[in-house]
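Below: my_file38.txt (compact mmCIF, C-alpha atoms)
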```txt
# COMPACT_ATOMS: atom_id res chain seq x y z
CA MET A 27 -39.21 -28.67 -2.66
CA ALA A 28 -39.99 -31.14 0.14
CA ASP A 29 -41.33 -33.88 -2.10
CA VAL A 30 -38.58 -33.63 -4.69
CA ASN A 31 -36.78 -36.92 -5.05
CA ARG A 32 -33.16 -36.10 -4.30
CA GLY A 33 -32.08 -39.64 -5.03
CA ASN A 34 -29.17 -41.18 -3.23
CA ARG A 35 -26.82 -38.24 -3.54
CA PRO A 36 -24.44 -37.46 -0.65
CA LEU A 37 -25.60 -34.59 1.55
CA SER A 38 -23.37 -31.72 2.52
CA PRO A 39 -22.19 -32.41 6.08
CA HIS A 40 -23.55 -29.99 8.66
CA LEU A 41 -21.02 -28.00 10.68
CA GLN A 42 -21.84 -29.70 14.02
CA ILE A 43 -21.21 -33.22 12.72
CA TYR A 44 -18.33 -32.32 10.44
CA ARG A 45 -15.14 -33.96 11.68
CA PRO A 46 -12.62 -31.21 12.42
CA GLN A 47 -9.53 -31.48 10.27
CA LEU A 48 -6.27 -29.60 10.28
CA THR A 49 -7.24 -27.76 7.10
CA SER A 50 -10.68 -26.72 8.40
CA ILE A 51 -9.35 -25.63 11.82
CA THR A 52 -6.46 -23.60 10.37
CA SER A 53 -8.89 -22.02 7.91
CA ILE A 54 -11.45 -20.85 10.49
CA LEU A 55 -8.62 -19.69 12.80
CA THR A 56 -7.53 -17.31 10.04
CA ARG A 57 -10.90 -15.58 10.22
CA ILE A 58 -11.10 -15.70 14.04
CA THR A 59 -7.62 -14.21 14.49
CA GLY A 60 -8.34 -11.53 11.87
CA ALA A 61 -11.53 -10.44 13.62
CA GLY A 62 -9.99 -10.78 17.10
CA LEU A 63 -7.07 -8.54 16.17
CA LEU A 64 -9.51 -5.61 16.37
CA VAL A 65 -9.21 -5.75 20.19
CA GLY A 66 -5.42 -5.47 20.21
CA ALA A 67 -5.44 -2.84 17.45
CA LEU A 68 -7.92 -0.63 19.33
CA LEU A 69 -5.84 -0.98 22.51
CA VAL A 70 -2.70 0.13 20.61
CA VAL A 71 -4.56 3.14 19.15
CA TRP A 72 -5.81 4.07 22.62
CA TRP A 73 -2.26 3.71 24.01
CA LEU A 74 -0.90 6.03 21.29
CA LEU A 75 -3.69 8.55 21.87
CA ALA A 76 -2.90 8.52 25.59
CA ALA A 77 0.81 9.03 24.86
CA SER A 78 -0.03 12.05 22.71
CA THR A 79 -2.37 13.50 25.37
CA GLY A 80 -0.07 13.64 28.38
CA GLU A 81 1.96 11.81 30.98
CA GLY A 82 -0.89 11.14 33.41
CA TYR A 83 -3.23 9.64 30.81
CA PHE A 84 -0.37 7.64 29.26
CA GLU A 85 0.59 6.07 32.59
CA MET A 86 -3.00 4.95 33.08
CA ALA A 87 -3.26 3.43 29.57
CA ASP A 88 0.20 1.87 29.82
CA ALA A 89 -0.71 0.35 33.20
CA VAL A 90 -3.83 -1.23 31.63
CA LEU A 91 -1.87 -2.68 28.68
CA THR A 92 0.92 -4.02 30.91
CA SER A 93 -1.38 -5.34 33.66
CA PHE A 94 -1.87 -9.11 33.95
CA ILE A 95 -5.02 -9.07 31.81
CA GLY A 96 -3.37 -6.56 29.44
CA ASP A 97 -0.36 -8.86 29.10
CA VAL A 98 -2.61 -11.83 28.30
CA VAL A 99 -4.56 -9.80 25.70
CA MET A 100 -1.38 -8.44 24.10
CA PHE A 101 0.25 -11.92 24.09
CA LEU A 102 -2.79 -13.45 22.41
CA SER A 103 -2.93 -10.52 19.98
CA LEU A 104 0.72 -11.08 19.13
CA TRP A 105 0.09 -14.75 18.40
CA ALA A 106 -3.05 -13.85 16.42
CA LEU A 107 -1.03 -11.31 14.42
CA TRP A 108 1.67 -13.87 13.53
CA TYR A 109 -0.91 -16.58 12.86
CA HIS A 110 -2.91 -14.31 10.55
CA THR A 111 0.32 -13.24 8.83
CA PHE A 112 1.48 -16.80 8.16
CA ALA A 113 -2.04 -17.85 7.14
CA GLY A 114 -2.09 -14.86 4.80
CA VAL A 115 1.11 -16.09 3.16
CA ARG A 116 -0.59 -19.45 2.71
CA HIS A 117 -3.47 -17.71 0.96
CA LEU A 118 -1.05 -15.79 -1.26
CA ILE A 119 0.52 -19.13 -2.24
CA TRP A 120 -2.93 -20.63 -2.91
CA ASP A 121 -3.86 -17.55 -4.96
CA THR A 122 -1.13 -18.48 -7.44
CA GLY A 123 -2.88 -21.84 -7.95
CA ARG A 124 -0.26 -23.85 -6.07
CA GLY A 125 -0.46 -26.12 -3.02
CA PHE A 126 -4.08 -27.32 -3.26
CA ASP A 127 -3.36 -31.06 -2.97
CA ILE A 128 -4.09 -32.47 0.50
CA PRO A 129 -0.50 -33.38 1.56
CA THR A 130 0.74 -29.88 0.68
CA ALA A 131 -2.27 -28.18 2.29
CA THR A 132 -1.63 -30.19 5.48
CA LYS A 133 2.06 -29.28 5.46
CA LEU A 134 1.20 -25.60 4.97
CA GLY A 135 -1.29 -25.88 7.87
CA TRP A 136 1.40 -27.22 10.21
CA ALA A 137 3.80 -24.56 8.93
CA VAL A 138 1.28 -21.86 9.88
CA ILE A 139 0.72 -23.30 13.38
CA ILE A 140 4.39 -23.98 14.18
CA GLY A 141 5.55 -20.77 12.49
CA SER A 142 3.11 -18.60 14.46
CA VAL A 143 4.08 -20.21 17.79
CA LEU A 144 7.83 -19.89 17.11
CA ALA A 145 7.46 -16.29 15.89
CA THR A 146 5.43 -15.42 19.01
CA LEU A 147 8.00 -16.95 21.37
CA PHE A 148 10.84 -15.28 19.45
CA THR A 149 9.11 -11.89 19.68
CA VAL A 150 8.45 -12.25 23.41
CA VAL A 151 12.13 -13.16 24.02
CA VAL A 152 13.48 -10.31 21.85
CA ILE A 153 11.06 -7.66 23.17
CA MET B 22 -29.27 4.23 -25.75
CA ARG B 23 -26.61 1.84 -24.52
CA TYR B 24 -24.11 0.63 -27.03
CA LEU B 25 -22.73 -1.97 -24.59
CA THR B 26 -24.03 -5.44 -25.23
CA ASP B 27 -25.24 -7.56 -22.29
CA ARG B 28 -22.24 -9.80 -22.71
CA LYS B 29 -19.79 -6.90 -22.63
CA ARG B 30 -21.36 -5.57 -19.40
CA ALA B 31 -21.10 -8.98 -17.73
CA VAL B 32 -17.58 -10.02 -18.74
CA GLY B 33 -15.10 -9.81 -15.85
CA MET B 34 -17.74 -9.07 -13.23
CA GLY B 35 -18.32 -12.57 -11.82
CA ALA B 36 -21.09 -13.66 -9.44
CA ALA B 37 -20.58 -10.65 -7.15
CA HIS B 38 -21.12 -8.18 -10.05
CA SER B 39 -18.12 -6.19 -8.89
CA GLY B 40 -15.20 -7.88 -10.59
CA THR B 41 -11.95 -8.58 -8.75
CA GLU B 42 -11.50 -5.17 -7.07
CA HIS B 43 -12.08 -6.50 -3.55
CA PHE B 44 -9.84 -9.53 -4.02
CA TRP B 45 -7.05 -7.43 -5.53
CA GLY B 46 -7.35 -4.82 -2.76
CA MET B 47 -6.96 -7.55 -0.12
CA THR B 48 -3.95 -8.98 -1.98
CA VAL B 49 -2.17 -5.61 -2.17
CA SER B 50 -2.82 -4.72 1.48
CA ALA B 51 -1.81 -8.27 2.56
CA VAL B 52 1.57 -7.99 0.84
CA ALA B 53 2.07 -4.47 2.25
CA LEU B 54 1.26 -5.72 5.77
CA LEU B 55 3.68 -8.61 5.30
CA ILE B 56 6.43 -5.95 5.35
CA LEU B 57 4.81 -3.51 7.79
CA VAL B 58 3.73 -5.94 10.53
CA PRO B 59 7.24 -7.21 11.46
CA LEU B 60 8.57 -3.64 11.38
CA PHE B 61 5.72 -2.46 13.61
CA VAL B 62 5.99 -5.38 16.08
CA PHE B 63 9.69 -4.76 16.66
CA THR B 64 9.37 -0.95 16.92
CA PHE B 65 6.15 -0.68 18.94
CA GLY B 66 6.81 -3.75 21.13
CA PRO B 67 9.87 -2.49 23.03
CA MET B 68 8.07 0.80 23.81
CA LEU B 69 5.23 -0.89 25.70
CA GLY B 70 5.73 -0.17 29.40
CA LYS B 71 8.45 2.45 28.85
CA PRO B 72 8.31 5.91 30.51
CA HIS B 73 6.20 8.57 28.79
CA ALA B 74 9.16 10.80 27.80
CA GLU B 75 10.96 7.90 26.09
CA VAL B 76 7.83 6.80 24.20
CA VAL B 77 7.12 10.35 22.97
CA ALA B 78 10.76 10.85 21.90
CA TYR B 79 10.79 7.47 20.10
CA PHE B 80 7.56 8.00 18.15
CA GLY B 81 8.68 11.55 17.36
CA ARG B 82 11.37 10.03 15.13
CA PRO B 83 10.46 9.56 11.44
CA PHE B 84 10.94 5.79 11.02
CA PRO B 85 8.94 4.46 14.00
CA ALA B 86 6.20 7.06 13.41
CA ILE B 87 5.84 6.32 9.67
CA VAL B 88 5.89 2.55 10.27
CA ALA B 89 3.22 2.89 12.98
CA GLY B 90 1.09 5.22 10.84
CA LEU B 91 1.25 3.01 7.75
CA THR B 92 0.61 -0.18 9.75
CA LEU B 93 -2.45 1.29 11.45
CA TRP B 94 -3.87 2.78 8.24
CA VAL B 95 -3.25 -0.21 5.94
CA GLY B 96 -4.15 -2.62 8.77
CA PHE B 97 -7.52 -1.02 9.48
CA MET B 98 -8.36 -0.82 5.77
CA HIS B 99 -7.43 -4.51 5.45
CA PHE B 100 -9.67 -5.19 8.47
CA LYS B 101 -12.54 -3.14 6.99
CA ASN B 102 -12.49 -5.10 3.73
CA GLY B 103 -11.80 -8.48 5.36
CA ILE B 104 -14.45 -8.28 8.07
CA ARG B 105 -16.96 -7.30 5.38
CA VAL B 106 -16.63 -10.75 3.82
CA ALA B 107 -17.13 -12.39 7.22
CA ILE B 108 -20.22 -10.24 7.90
CA GLU B 109 -21.63 -11.08 4.47
CA ASP B 110 -21.13 -14.78 5.21
CA TYR B 111 -22.99 -14.83 8.53
CA THR B 112 -25.62 -12.06 8.46
CA HIS B 113 -28.49 -11.15 6.15
CA GLY B 114 -30.86 -8.29 5.39
CA ILE B 115 -30.78 -5.14 7.51
CA ASN B 116 -28.32 -6.63 10.05
CA ARG B 117 -25.80 -7.14 7.30
CA LYS B 118 -26.01 -3.49 6.31
CA ILE B 119 -25.80 -2.26 9.91
CA PHE B 120 -22.74 -4.42 10.67
CA ILE B 121 -20.92 -3.43 7.46
CA ILE B 122 -21.57 0.29 8.04
CA GLY B 123 -20.55 -0.04 11.70
CA ALA B 124 -17.33 -1.93 10.93
CA THR B 125 -16.44 0.55 8.17
CA CYS B 126 -17.00 3.59 10.41
CA LEU B 127 -15.06 1.97 13.26
CA SER B 128 -12.13 1.16 10.96
CA TYR B 129 -11.86 4.72 9.64
CA ALA B 130 -12.33 6.20 13.13
CA ALA B 131 -9.63 4.01 14.68
CA ALA B 132 -7.18 4.63 11.82
CA ALA B 133 -7.78 8.39 11.97
CA THR B 134 -7.36 8.41 15.76
CA GLY B 135 -4.05 6.55 15.46
CA LEU B 136 -2.74 8.97 12.81
CA PHE B 137 -3.90 11.98 14.88
CA ALA B 138 -2.09 10.63 17.94
CA LEU B 139 1.12 10.04 15.97
CA ALA B 140 0.94 13.51 14.42
CA ARG B 141 0.45 15.14 17.83
CA ILE B 142 3.40 13.18 19.28
CA ALA B 143 5.61 14.18 16.34
CA LEU B 144 4.69 17.89 16.41
```
This entry written out as structure tokens:
Amino acid sequence: MADVNRGNRPLSPHLQIYRPQLTSITSILTRITGAGLLVGALLVVWWLLAASTGEGYFEMADAVLTSFIGDVVMFLSLWALWYHTFAGVRHLIWDTGRGFDIPTATKLGWAVIIGSVLATLFTVVVI
Amino acid sequence: MRYLTDRKRAVGMGAAHSGTEHFWGMTVSAVALLILVPLFVFTFGPMLGKPHAEVVAYFGRPFPAIVAGLTLWVGFMHFKNGIRVAIEDYTHGINRKIFIIGATCLSYAAAATGLFALARIAL
């Protein structure tokens, strides 16, 4: 393959030199938030298991989830949950064949970012 | 003797040889979670940090318990199928198989643990 003449065709840009764009960042964040949500989900399951076990165990688990680090993890999980939700809506829109042109994709990207931040702040205020 | 022609066996299967089952499963669970996630956030959220008796009484009620159970089950199945695509994108060979089996087992175990906890609180 090495001596094949590839001509003057453009090469696919490698990830490290690829200029980050709104569409690429919002896309990879969908996957990162989806995978990262495992942490928050396992913590919630553990919290429920502790609640079903007894008061002593629950107080320990609840103290972990409402500690400073627990608060940070749960806050980030909440944002990740809203981000993944809004990004999922974007995918459902794309799945119908709509919104693939760059201006619309950019608008949807901003909608996902702004929507997830507003939903997170709203949730924190309400809860 | 197979009466199916090669063409008939290939139609609808695509490059993954499995058709659109995975894609459709993710679509259905995504739409379900679109309803479940807000319900879960605003039922589970206020209970975080509350006394044990109040939490147990709250999740003993039908609505919060069913919402939590459905969200955990559908959520972990959505995770199982979604993370599989990510694993397939980044790993190869035996590692790919180990990661997929591990993620699948973890998803079922976590979902089952959540449902067990909710059942024990309710009973």
- Considering all atoms listed in the file, extract the chain A residues located within 6 Å of chain B and return them as a PyMOL selection string. chain A and resi 71+74-75+78+81+88+153
Neighbours of A:Gly114 within 12 Å (all atoms listed in the file; same-chain residues fewer than 5 positions away dropped), as a compact mmCIF listing (two decimals) with C-alpha atoms, keeping the file's coordinate frame?
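Written output follows (result.txt):
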```txt
# COMPACT_ATOMS: atom_id res chain seq x y z
CA THR A 52 -6.46 -23.60 10.37
CA SER A 53 -8.89 -22.02 7.91
CA LEU A 55 -8.62 -19.69 12.80
CA THR A 56 -7.53 -17.31 10.04
CA ARG A 57 -10.90 -15.58 10.22
CA THR A 59 -7.62 -14.21 14.49
CA GLY A 60 -8.34 -11.53 11.87
CA ALA A 106 -3.05 -13.85 16.42
CA LEU A 107 -1.03 -11.31 14.42
CA TRP A 108 1.67 -13.87 13.53
CA TYR A 109 -0.91 -16.58 12.86
CA ILE A 119 0.52 -19.13 -2.24
CA TRP A 120 -2.93 -20.63 -2.91
CA ASP A 121 -3.86 -17.55 -4.96
CA LEU A 134 1.20 -25.60 4.97
CA GLY A 135 -1.29 -25.88 7.87
CA VAL A 138 1.28 -21.86 9.88
CA SER A 142 3.11 -18.60 14.46
CA MET B 47 -6.96 -7.55 -0.12
CA THR B 48 -3.95 -8.98 -1.98
CA VAL B 49 -2.17 -5.61 -2.17
CA SER B 50 -2.82 -4.72 1.48
CA ALA B 51 -1.81 -8.27 2.56
CA VAL B 52 1.57 -7.99 0.84
CA ALA B 53 2.07 -4.47 2.25
CA LEU B 54 1.26 -5.72 5.77
CA LEU B 55 3.68 -8.61 5.30
CA HIS B 99 -7.43 -4.51 5.45
CA GLY B 103 -11.80 -8.48 5.36
```
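Non-sequential neighbours of stretch 94-104 of chain A (distance at most 8 Å, separation of 4 or more positions within a chain, all atoms listed in the file) are Gly62, Leu63, Val65, Gly66, Val90, Trp108 and Thr146 of chain A.
Atom pair atom CA of A:Ile54 / atom CA of A:Asp127 has a distance of 18.7 Å (rounded to one decimal).
Note that atom CA of A:Leu144 and atom CA of B:Gly46 are 29.2 Å apart.
Our summary of the geometry notes that atom CA of B:Pro85 is positioned 14.1 Å from atom CA of A:Val70.
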Exercise on stretch 120-124 of chain B, axis-aligned box with 3 Å per side, report centre and edge lengths in Å to one decimal, as AutoDock Vina command-line options:
```
--center_x -20.0 --center_y -2.1 --center_z 9.6 --size_x 11.4 --size_y 10.7 --size_z 10.2
```
